[in-house]
Amino acid sequence: MEFFKSAVASAISKGPSFPYTFGDQVDVDTSIWTLYNGTKREDGSPCSIFSFDVTANKSRLPMAKNAVRKLRTLRHPGVIKVLDTVETETYIYIATERLVPLRWHIKRKSMSTETLKWGLFGVAQTVKFINDEASSVHGALRVGSIYTSESGEWRLGGFEVLSSMKDDEAIIYNYGSLVPDSGRYTPPELAKSGWETIKKNPLPAVDAYNFGTLIFEVFNGDFMGGDQAGQTKNIPPTMHSTYRRLVNSNPKARVSVGAFLEQGRRNGGFFNTPLIKLTEGVDNLGMKSEEEREEFLNDLDELSDDFPEDYFKMKILPELLKSVEFGGGGPKVFGVVMKISKKLTDDEFESKVTPAVVRLFSSPDRAIRVSLLDNLPIMIDRLPQKVVNDKIFPQMVTGFTDVAPVVREQTVKAVLTIIGKLSDRTINGELLKYLAKTSNDEQPGIRTNTTICLGKIAKNLGVSNRAKVLIAAFTRSLRDPFVHARNAALMALAVTSDSFSEDDCAGRILPALCPSLIDKEKLVRDQAIKTMDIYMQRVRKFAATMPDTVLPPPATETSATPTPRMSTPQPSEAASWTGWAISSFTNKVSAAAGEITSSVSNGATNTPQTASAPTSEPRRPPGTASASALHRQAVASPPATSARTSTSSNTNDYFQDSTAADEDNDADDAWGNMGEDSFFDAPSEAPKPQAAAKPFDDDGEPDFAGWLAAQSGKKPSAKPLPKGLGKPANGRPAAASRVATTGSIGSGAKKTLPAAKPKPVAAKKIDTAPKETGEEDGWGDGW
């Protein structure tokens with residue numbers, strides 16, 4: 001082989017230029033030609049090269065030259081297409097379109113019956129042309145003289161003895177018997193009387209007989225001789241009668257190939273098949289009328305999946321795409337395009353179909369757009385990501401706002417198909433913007449499908465805004481008046497539960513789910529319970545991992561004296577929220593109680609009711625003795641024998657000589673505005689008459705007299721006393737008032753004199769409203 005190639009290359013270098021490169025040799029039937037695969041040097045396109053060695057086959061040189069001449073001059077779609085020829089004294093080269101011997105397919109039985117019929121139909125048309133229009137005889141019609149092109153179409157060759165019957169010196173008369181294997185295929189009259197007999201019989205008789213043997217060979221794999229002529233094994237029944245007439249032993253009784261063709265094309269004939277009608281009508285599809293186009297489309301629908309793939313890829317597909325794009329083929333034709341495209345390789349699909357699909361997405365024809373969206377699942381895997389994101393999606397988004405509801409709905413459904421080919425920026429930007437519009441569509445079905453779509457593409461959304469988008473969309477759908485929209489929202493929430501945080505589950509989703517539990521539709525209620533269970537299980541699981549409390553542990557008590565508490569309760573007081581609040585408040589007031597305490601000799605404790613006095617002692621925490629006294633008056637109940645007098649008069653006696661004006665603001669700060677606290681209201685009932693107390697007796701009481709004497713020695717304050725602390729109008733002496741007050745405080749340790757009859761004291765109402773009386777204006781607030 002290598003030696004032969006080198007010899008060929010050497011011969012070419014010495015002869016005229018041949019712009020083709022030889023490739024591998026192709027096995028063919030016995031022939032005067034050697035077939036090679038080749039390529040065109042200019043563009044690398046594939047071709048086939050028939051080579052004839054003049055030196056080795058000098059006796060058959062006229063046959064080779066006849067074949068070259070006839071191939072050049074005989075132009076028909078069913079004849080091998082010649083690209084170039086070269087003739088020298090040593091070789092003859094014929095460059096043709098890339099061909100494959102039909103024998104390969106027949107041996108492998110790779111063609112269906114319909115495809116074989118379609119191939120025979122094409123060959124019959126070519127033979128008819130040769131016989132009728134060219135007035136010629138092929139003379140070597142058999143499987144070995146037929147090839148298939150890249151498009152799968154059957155091409156007729158073997159023109160070594162093709163002769164015009166108008167030529168008296170036709171080559172077929174002298175060289176017909178030199179054709180390889182001519183003995184098996186020679187008609188009986190020629191085998192008996194020689195090739196000169198052709199002149200005496202009808203012109204088509206030789207080719208008619210050979211066409212009959214071709215039919216038998218195609219359906220059975222081989223033709224061994226004249227004994228098999230007329231046998232109908234494996235031949236379609238509809239052909240039987242006409243086939244027998246082709247191989248009739250009487251050449252004058254044979255039916256011509258043209259007549260055989262017409263017989264088969266009749267209504268119900270063996271050539272009246274969808275595939276054959278499709279190939280006849282595809283060339284002028286764009287020029288057909290509406291009725292003819294509809295008939296053509298019906299034939300397309302009848303096609304089975306065993307059509308000749310190469311022919312549809314190379315011939316039918318381009319014509320169908322042109323019809324869809326420019327000739328108004330419509331969605332029906334595009335459906336056939338998709339059916340054919342399944343047989344294409346990825347490279348073929350990208351080169352033949354993808355450009356047309358991109359252009360069709362910009363078509364204003366709604367029927368075409370819907371067909372494109374319907375067929376997206378078939379072609380999405382073959383469309384490059386960049387093409388989908390940059391070219392198809394920008395054209396596709398117009399469907400979201402189309403006035404036709406069917407276009408909007410199909411566009412929403414198509415999102416699930418193309419989502420994997422869109423960039424994150426496109427998904428989280430433009431796509432969500434359009435889905436937000438369709439979620440408010442007037443058509444309930446579109447709103448429902450949008451919710452379903454969001455649920456299915458949740459994993460494709462950006463993490464930063466996924467929860468925000470889904471919660472807003474699904475919770476709004478929960479309030480949709482369309483029952484299936486609400487149900488879709490519940491199902492979408494169920495399948496996207498992992499997309500939300502526990503805080504979103506508990507704070508936003510569960511509250512939104514609750515109204516669905518009592519929805520008017522049982523379908524929604526049942527789904528709401530299922531969805532609620534999913535979120536409750538997740539919340540419970542998360543709550544089980546949380547600590548019991550985040551409050552700091554209580555401080556350990558280091559002394560027996562209780563520490564004042566402002567807000568945080570001790571463990572023993574945390575039984576109820578009201579309990580610890582009031583307890584803390586009371587303890588706060590008690591902590592600011594009286595300043596002077598002393599134990600009397602009889603064991604009773606007397607605490608004088610006094611306010612903050614201007615003494616030299618250090619300043620105490622906020623709160624005064626008067627607060628303690630008022631608290632006891634309001635909370636503690638004295639014994640029945642206790643005598644009570646007006647607190648106001650005692651206050652006047654104690655503080656009439658006070659000059660500690662600087663203490664006023666401190667007391668005001670300590671009390672604050674107590675006008676709204678009922679705990680601090682003075683008693684409003686009139687004091688009961690009581691027996692005159694015995695003359696003042698120390699009895700272990702604090703030395704208030706000495707303290708008063710010390711105060712009287714000071715210079716009286718130039719400032720007036722606050723309102724309510726002036727001397728009473730009746731001018732009672734301070735001592736008597738103090739005795740009465742002291743007696744009321746220490747009534748548990750004193751004896752009452754029955755002879756004394758007390759003077760009734762009018763109850764004085766405490767003015768608790770703030771008065772603007774200068775610097776010491778806060779005092780009245782506390783009282």
# chains A, B, ... in the order shown; residues from 1 in each chain; ligands from 1
call {"tool": "residues_around", "arguments": {"residues": "Ile534 in chain A", "least_positions_apart": "4", "cutoff": "9 Å", "atoms": "only C-alpha atoms", "output": "compact mmCIF listing (two decimals) with C-alpha atoms, in the first residue's frame"}}
result
# COMPACT_ATOMS: atom_id res chain seq x y z
CA ALA A 494 -41.76 22.14 52.85
CA SER A 497 -36.94 24.28 54.72
CA ILE A 529 -50.16 20.37 58.85
CA LYS A 530 -47.41 18.50 57.00
CA ARG A 538 -36.57 21.63 63.04
CA VAL A 539 -37.31 24.26 65.68
call {"tool": "residues_around", "arguments": {"residues": "range 211-220 of chain A", "least_positions_apart": "5", "cutoff": "7 Å", "atoms": "only C-alpha atoms", "output": "short mmCIF file (atom, residue, chain, number, x, y, z; two decimals) with N, CA and C atoms, in the first residue's frame"}}
result
data_model
loop_
_atom_site.label_atom_id
_atom_site.label_comp_id
_atom_site.auth_asym_id
_atom_site.auth_seq_id
_atom_site.Cartn_x
_atom_site.Cartn_y
_atom_site.Cartn_z
N ILE A 106 -25.53 -3.08 2.35
CA ILE A 106 -26.31 -4.29 2.05
C ILE A 106 -25.76 -5.47 2.85
N LEU A 141 -25.98 -2.16 -14.51
CA LEU A 141 -26.75 -1.77 -13.32
C LEU A 141 -26.72 -2.91 -12.29
N ARG A 142 -26.19 -2.65 -11.11
CA ARG A 142 -26.06 -3.64 -10.03
C ARG A 142 -25.69 -2.90 -8.75
N VAL A 143 -25.61 -3.64 -7.65
CA VAL A 143 -25.25 -3.01 -6.36
C VAL A 143 -23.84 -2.45 -6.42
N ALA A 229 -33.59 -14.79 -10.74
CA ALA A 229 -34.44 -13.74 -11.31
C ALA A 229 -35.90 -14.16 -11.22
N ASN A 234 -38.13 -12.01 0.41
CA ASN A 234 -37.83 -10.76 1.15
C ASN A 234 -38.22 -9.49 0.41
N ILE A 235 -38.77 -9.62 -0.78
CA ILE A 235 -39.20 -8.44 -1.52
C ILE A 235 -40.59 -8.05 -1.03
N TYR A 243 -42.31 -6.41 -10.18
CA TYR A 243 -40.93 -6.92 -10.18
C TYR A 243 -40.79 -8.08 -11.16
N LEU A 246 -40.37 -7.01 -14.65
CA LEU A 246 -39.05 -6.44 -14.96
C LEU A 246 -38.08 -7.52 -15.46
N VAL A 247 -38.16 -8.70 -14.85
CA VAL A 247 -37.19 -9.75 -15.16
C VAL A 247 -37.78 -10.79 -16.13
#
call {"tool": "select_by_dssp", "arguments": {"residues": "range 11-211 of chain A", "states": "strand (DSSP E or B)", "output": "PyMOL selection string"}}
result
chain A and resi 20-26+34-40+46-53+79+82-87+91-96+99-101+136-137+146-149+154-156+163-164
call {"tool": "write_last_selection", "arguments": {"atoms": "N, CA and C atoms", "output": "CSV table (one decimal), in the first residue's frame"}}
result
chain,number,residue,atom,x,y,z
A,20,TYR,N,-5.7,17.2,-4.9
A,20,TYR,CA,-6.3,16.3,-4.0
A,20,TYR,C,-5.3,15.4,-3.4
A,21,THR,N,-5.5,15.0,-2.1
A,21,THR,CA,-4.6,14.1,-1.4
A,21,THR,C,-5.2,12.7,-1.3
A,22,PHE,N,-4.5,11.7,-1.6
A,22,PHE,CA,-5.0,10.3,-1.4
A,22,PHE,C,-5.0,9.9,0.0
A,23,GLY,N,-6.1,9.2,0.4
A,23,GLY,CA,-6.2,8.6,1.7
A,23,GLY,C,-6.2,7.1,1.7
A,24,ASP,N,-7.0,6.5,2.5
A,24,ASP,CA,-7.1,5.1,2.6
A,24,ASP,C,-7.9,4.5,1.4
A,25,GLN,N,-7.5,3.3,1.0
A,25,GLN,CA,-8.2,2.6,0.0
A,25,GLN,C,-9.5,2.0,0.5
A,26,VAL,N,-10.5,2.0,-0.3
A,26,VAL,CA,-11.9,1.6,0.0
A,26,VAL,C,-12.2,0.3,-0.7
A,34,THR,N,-9.9,1.6,-8.7
A,34,THR,CA,-9.5,1.5,-7.3
A,34,THR,C,-10.0,2.8,-6.6
A,35,LEU,N,-10.8,2.6,-5.5
A,35,LEU,CA,-11.4,3.7,-4.8
A,35,LEU,C,-10.6,4.1,-3.6
A,36,TYR,N,-10.3,5.4,-3.4
A,36,TYR,CA,-9.6,5.9,-2.3
A,36,TYR,C,-10.5,7.0,-1.6
A,37,ASN,N,-10.3,7.1,-0.3
A,37,ASN,CA,-10.8,8.3,0.3
A,37,ASN,C,-9.7,9.4,0.1
A,38,GLY,N,-10.2,10.6,-0.1
A,38,GLY,CA,-9.2,11.7,-0.3
A,38,GLY,C,-9.7,13.0,0.4
A,39,THR,N,-8.9,14.0,0.3
A,39,THR,CA,-9.2,15.3,0.8
A,39,THR,C,-8.7,16.4,-0.2
A,40,LYS,N,-9.5,17.4,-0.2
A,40,LYS,CA,-9.1,18.6,-1.1
A,40,LYS,C,-8.0,19.4,-0.4
A,46,PRO,N,-13.6,16.6,2.5
A,46,PRO,CA,-13.5,15.2,2.1
A,46,PRO,C,-13.9,14.9,0.6
A,47,CYS,N,-13.4,13.9,0.0
A,47,CYS,CA,-13.7,13.5,-1.3
A,47,CYS,C,-13.4,12.1,-1.5
A,48,SER,N,-13.7,11.6,-2.7
A,48,SER,CA,-13.3,10.2,-3.1
A,48,SER,C,-12.6,10.3,-4.4
A,49,ILE,N,-11.6,9.4,-4.6
A,49,ILE,CA,-10.8,9.4,-5.8
A,49,ILE,C,-10.9,8.0,-6.4
A,50,PHE,N,-11.3,8.0,-7.7
A,50,PHE,CA,-11.3,6.8,-8.5
A,50,PHE,C,-10.0,6.8,-9.3
A,51,SER,N,-9.2,5.7,-9.2
A,51,SER,CA,-7.9,5.7,-9.8
A,51,SER,C,-7.9,4.5,-10.8
A,52,PHE,N,-7.4,4.7,-12.0
A,52,PHE,CA,-7.3,3.7,-13.1
A,52,PHE,C,-5.8,3.6,-13.5
A,53,ASP,N,-5.3,2.4,-13.4
A,53,ASP,CA,-3.9,2.2,-13.7
A,53,ASP,C,-3.9,1.8,-15.2
A,79,VAL,N,-26.7,11.0,-10.2
A,79,VAL,CA,-25.4,10.5,-10.8
A,79,VAL,C,-24.3,11.1,-9.9
A,82,VAL,N,-19.0,14.8,-10.0
A,82,VAL,CA,-17.5,14.8,-10.3
A,82,VAL,C,-17.0,16.2,-9.9
A,83,LEU,N,-15.9,16.2,-9.2
A,83,LEU,CA,-15.2,17.4,-8.8
A,83,LEU,C,-14.1,17.8,-9.8
A,84,ASP,N,-13.3,16.8,-10.2
A,84,ASP,CA,-12.2,17.0,-11.1
A,84,ASP,C,-11.7,15.7,-11.7
A,85,THR,N,-11.1,15.8,-12.8
A,85,THR,CA,-10.5,14.6,-13.5
A,85,THR,C,-9.1,14.9,-14.0
A,86,VAL,N,-8.3,13.9,-14.1
A,86,VAL,CA,-6.9,14.0,-14.6
A,86,VAL,C,-6.6,12.7,-15.4
A,87,GLU,N,-6.2,12.9,-16.7
A,87,GLU,CA,-5.9,11.8,-17.6
A,87,GLU,C,-4.4,11.9,-18.1
A,91,TYR,N,-2.1,7.0,-15.9
A,91,TYR,CA,-3.2,6.9,-14.9
A,91,TYR,C,-4.3,7.8,-15.3
A,92,ILE,N,-5.5,7.5,-14.7
A,92,ILE,CA,-6.7,8.4,-14.8
A,92,ILE,C,-7.2,8.5,-13.4
A,93,TYR,N,-7.4,9.8,-13.0
A,93,TYR,CA,-8.0,10.0,-11.7
A,93,TYR,C,-9.3,10.8,-11.9
A,94,ILE,N,-10.3,10.4,-11.1
A,94,ILE,CA,-11.6,11.1,-11.0
A,94,ILE,C,-11.9,11.4,-9.6
A,95,ALA,N,-11.9,12.7,-9.2
A,95,ALA,CA,-12.2,13.2,-7.9
A,95,ALA,C,-13.7,13.5,-7.8
A,96,THR,N,-14.4,12.8,-6.9
A,96,THR,CA,-15.8,13.0,-6.7
A,96,THR,C,-16.2,13.4,-5.3
A,99,LEU,N,-17.9,9.2,-1.2
A,99,LEU,CA,-18.8,8.2,-1.4
A,99,LEU,C,-18.5,6.9,-0.6
A,100,VAL,N,-19.6,6.1,-0.4
A,100,VAL,CA,-19.4,4.9,0.3
A,100,VAL,C,-20.1,3.8,-0.5
A,101,PRO,N,-19.5,2.7,-0.8
A,101,PRO,CA,-20.2,1.7,-1.6
A,101,PRO,C,-21.4,1.2,-1.0
A,136,SER,N,-30.0,6.4,-23.8
A,136,SER,CA,-28.8,5.6,-23.5
A,136,SER,C,-29.2,4.3,-22.7
A,137,VAL,N,-28.2,3.4,-22.7
A,137,VAL,CA,-28.3,2.2,-21.9
A,137,VAL,C,-27.2,2.2,-21.0
A,146,ILE,N,-23.4,1.2,-7.5
A,146,ILE,CA,-24.2,2.3,-6.8
A,146,ILE,C,-23.4,2.6,-5.5
A,147,TYR,N,-23.4,3.9,-5.2
A,147,TYR,CA,-22.7,4.4,-4.0
A,147,TYR,C,-23.7,5.3,-3.2
A,148,THR,N,-23.3,5.5,-1.9
A,148,THR,CA,-24.1,6.4,-1.1
A,148,THR,C,-23.3,7.7,-0.8
A,149,SER,N,-23.9,8.8,-0.9
A,149,SER,CA,-23.2,10.1,-0.6
A,149,SER,C,-23.2,10.4,0.9
A,154,TRP,N,-28.5,7.7,-2.7
A,154,TRP,CA,-27.9,6.7,-3.6
A,154,TRP,C,-27.5,7.4,-4.9
A,155,ARG,N,-26.2,7.1,-5.3
A,155,ARG,CA,-25.6,7.7,-6.5
A,155,ARG,C,-25.3,6.6,-7.4
A,156,LEU,N,-25.6,6.8,-8.7
A,156,LEU,CA,-25.3,5.8,-9.7
A,156,LEU,C,-24.0,6.1,-10.4
A,163,SER,N,-23.9,3.8,-23.0
A,163,SER,CA,-23.8,4.2,-24.4
A,163,SER,C,-25.1,4.7,-24.9
A,164,SER,N,-25.0,5.6,-25.8
A,164,SER,CA,-26.2,6.2,-26.5
A,164,SER,C,-26.5,5.3,-27.6
call {"tool": "atom_distance", "arguments": {"atom1": "CA of Leu190 in chain A", "atom2": "CA of Val257 in chain A"}}
result
18.5 Å
call {"tool": "select_by_dssp", "arguments": {"residues": "range 77-284 of chain A", "states": "alpha helix (DSSP H)", "output": "MDAnalysis selection string"}}
result
chainID A and resid 102:108 113:128 171:175 182:185 188:193 205:220 240:246 257:265 274:281
call {"tool": "closest_residue", "arguments": {"among": "A:Thr238, A:Glu290, A:Ser423, A:Asn449", "to": "Gly268 in chain A", "atoms": "only C-alpha atoms"}}
result
A:Thr238
call {"tool": "closest_residue", "arguments": {"among": "A:Met532, A:Leu454, A:Val68, A:Ala208", "to": "Gly258 in chain A", "atoms": "only C-alpha atoms"}}
result
A:Ala208
call {"tool": "residues_around", "arguments": {"residues": "Leu261 in chain A", "least_positions_apart": "4", "cutoff": "12 Å", "atoms": "only C-alpha atoms", "output": "PyMOL selection string"}}
result
chain A and resi 117-118+120-129+208+211+239+242-243+246+255-257+265-266+269-272
call {"tool": "closest_residue", "arguments": {"among": "A:Pro19, A:Pro515, A:Gly462, A:Gly455", "to": "Ala488 in chain A", "atoms": "only C-alpha atoms"}}
result
A:Gly455
call {"tool": "closest_residue", "arguments": {"among": "A:Gln263, A:Ser182, A:Ser31, A:Asn131", "to": "Asp207 in chain A", "atoms": "only C-alpha atoms"}}
result
A:Asn131
call {"tool": "residues_around", "arguments": {"residues": "range 431-442 of chain A", "least_positions_apart": "6", "cutoff": "8 Å", "atoms": "only C-alpha atoms", "output": "list in words"}}
result
Val397, Phe400, Arg408, Val412, Thr448, Thr450, Thr451 and Ala473 of chain A
call {"tool": "write_last_selection", "arguments": {"atoms": "all heavy atoms", "output": "short mmCIF file (atom, residue, chain, number, x, y, z; two decimals), in the first residue's frame"}}
result
data_model
loop_
_atom_site.label_atom_id
_atom_site.label_comp_id
_atom_site.auth_asym_id
_atom_site.auth_seq_id
_atom_site.Cartn_x
_atom_site.Cartn_y
_atom_site.Cartn_z
N VAL A 397 -36.70 36.48 27.76
CA VAL A 397 -37.37 37.19 28.86
C VAL A 397 -38.58 37.99 28.38
O VAL A 397 -39.44 38.33 29.18
CB VAL A 397 -36.38 38.12 29.58
CG1 VAL A 397 -35.30 37.32 30.27
CG2 VAL A 397 -35.77 39.13 28.62
N PHE A 400 -41.95 36.70 29.53
CA PHE A 400 -42.49 36.91 30.87
C PHE A 400 -43.56 38.00 30.88
O PHE A 400 -44.45 37.98 31.73
CB PHE A 400 -41.38 37.30 31.85
CG PHE A 400 -40.46 36.17 32.22
CD1 PHE A 400 -39.15 36.16 31.78
CD2 PHE A 400 -40.91 35.12 32.99
CE1 PHE A 400 -38.30 35.13 32.11
CE2 PHE A 400 -40.07 34.08 33.33
CZ PHE A 400 -38.76 34.08 32.89
N ARG A 408 -46.50 33.41 28.54
CA ARG A 408 -45.96 33.68 29.88
C ARG A 408 -45.80 32.39 30.67
O ARG A 408 -44.80 32.18 31.36
CB ARG A 408 -46.89 34.65 30.63
CG ARG A 408 -47.05 36.00 29.97
CD ARG A 408 -47.57 37.05 30.94
NE ARG A 408 -48.85 36.71 31.52
CZ ARG A 408 -50.03 37.01 31.01
NH1 ARG A 408 -50.09 37.64 29.85
NH2 ARG A 408 -51.14 36.68 31.63
N VAL A 412 -42.27 30.68 32.08
CA VAL A 412 -41.99 30.34 33.49
C VAL A 412 -41.55 28.88 33.61
O VAL A 412 -40.59 28.56 34.32
CB VAL A 412 -43.24 30.61 34.36
CG1 VAL A 412 -43.04 30.07 35.76
CG2 VAL A 412 -43.54 32.10 34.42
N THR A 448 -49.28 30.19 40.34
CA THR A 448 -48.97 28.89 40.94
C THR A 448 -47.68 28.32 40.38
O THR A 448 -46.82 27.85 41.13
CB THR A 448 -50.12 27.91 40.69
OG1 THR A 448 -51.34 28.47 41.20
CG2 THR A 448 -49.87 26.58 41.37
N THR A 450 -45.23 29.94 39.08
CA THR A 450 -44.10 30.74 39.55
C THR A 450 -43.65 30.28 40.93
O THR A 450 -42.44 30.18 41.21
CB THR A 450 -44.48 32.23 39.58
OG1 THR A 450 -44.88 32.64 38.26
CG2 THR A 450 -43.31 33.07 40.04
N THR A 451 -44.61 30.00 41.81
CA THR A 451 -44.27 29.50 43.14
C THR A 451 -43.55 28.16 43.04
O THR A 451 -42.54 27.92 43.72
CB THR A 451 -45.55 29.36 43.99
OG1 THR A 451 -46.19 30.63 44.09
CG2 THR A 451 -45.21 28.84 45.38
N ALA A 473 -41.89 35.56 48.78
CA ALA A 473 -42.74 34.99 47.73
C ALA A 473 -43.72 33.97 48.28
O ALA A 473 -44.91 33.99 47.95
CB ALA A 473 -41.85 34.35 46.65
#
call {"tool": "atom_distance", "arguments": {"atom1": "CA of Asn428 in chain A", "atom2": "CA of Ala458 in chain A"}}
result
10.8 Å
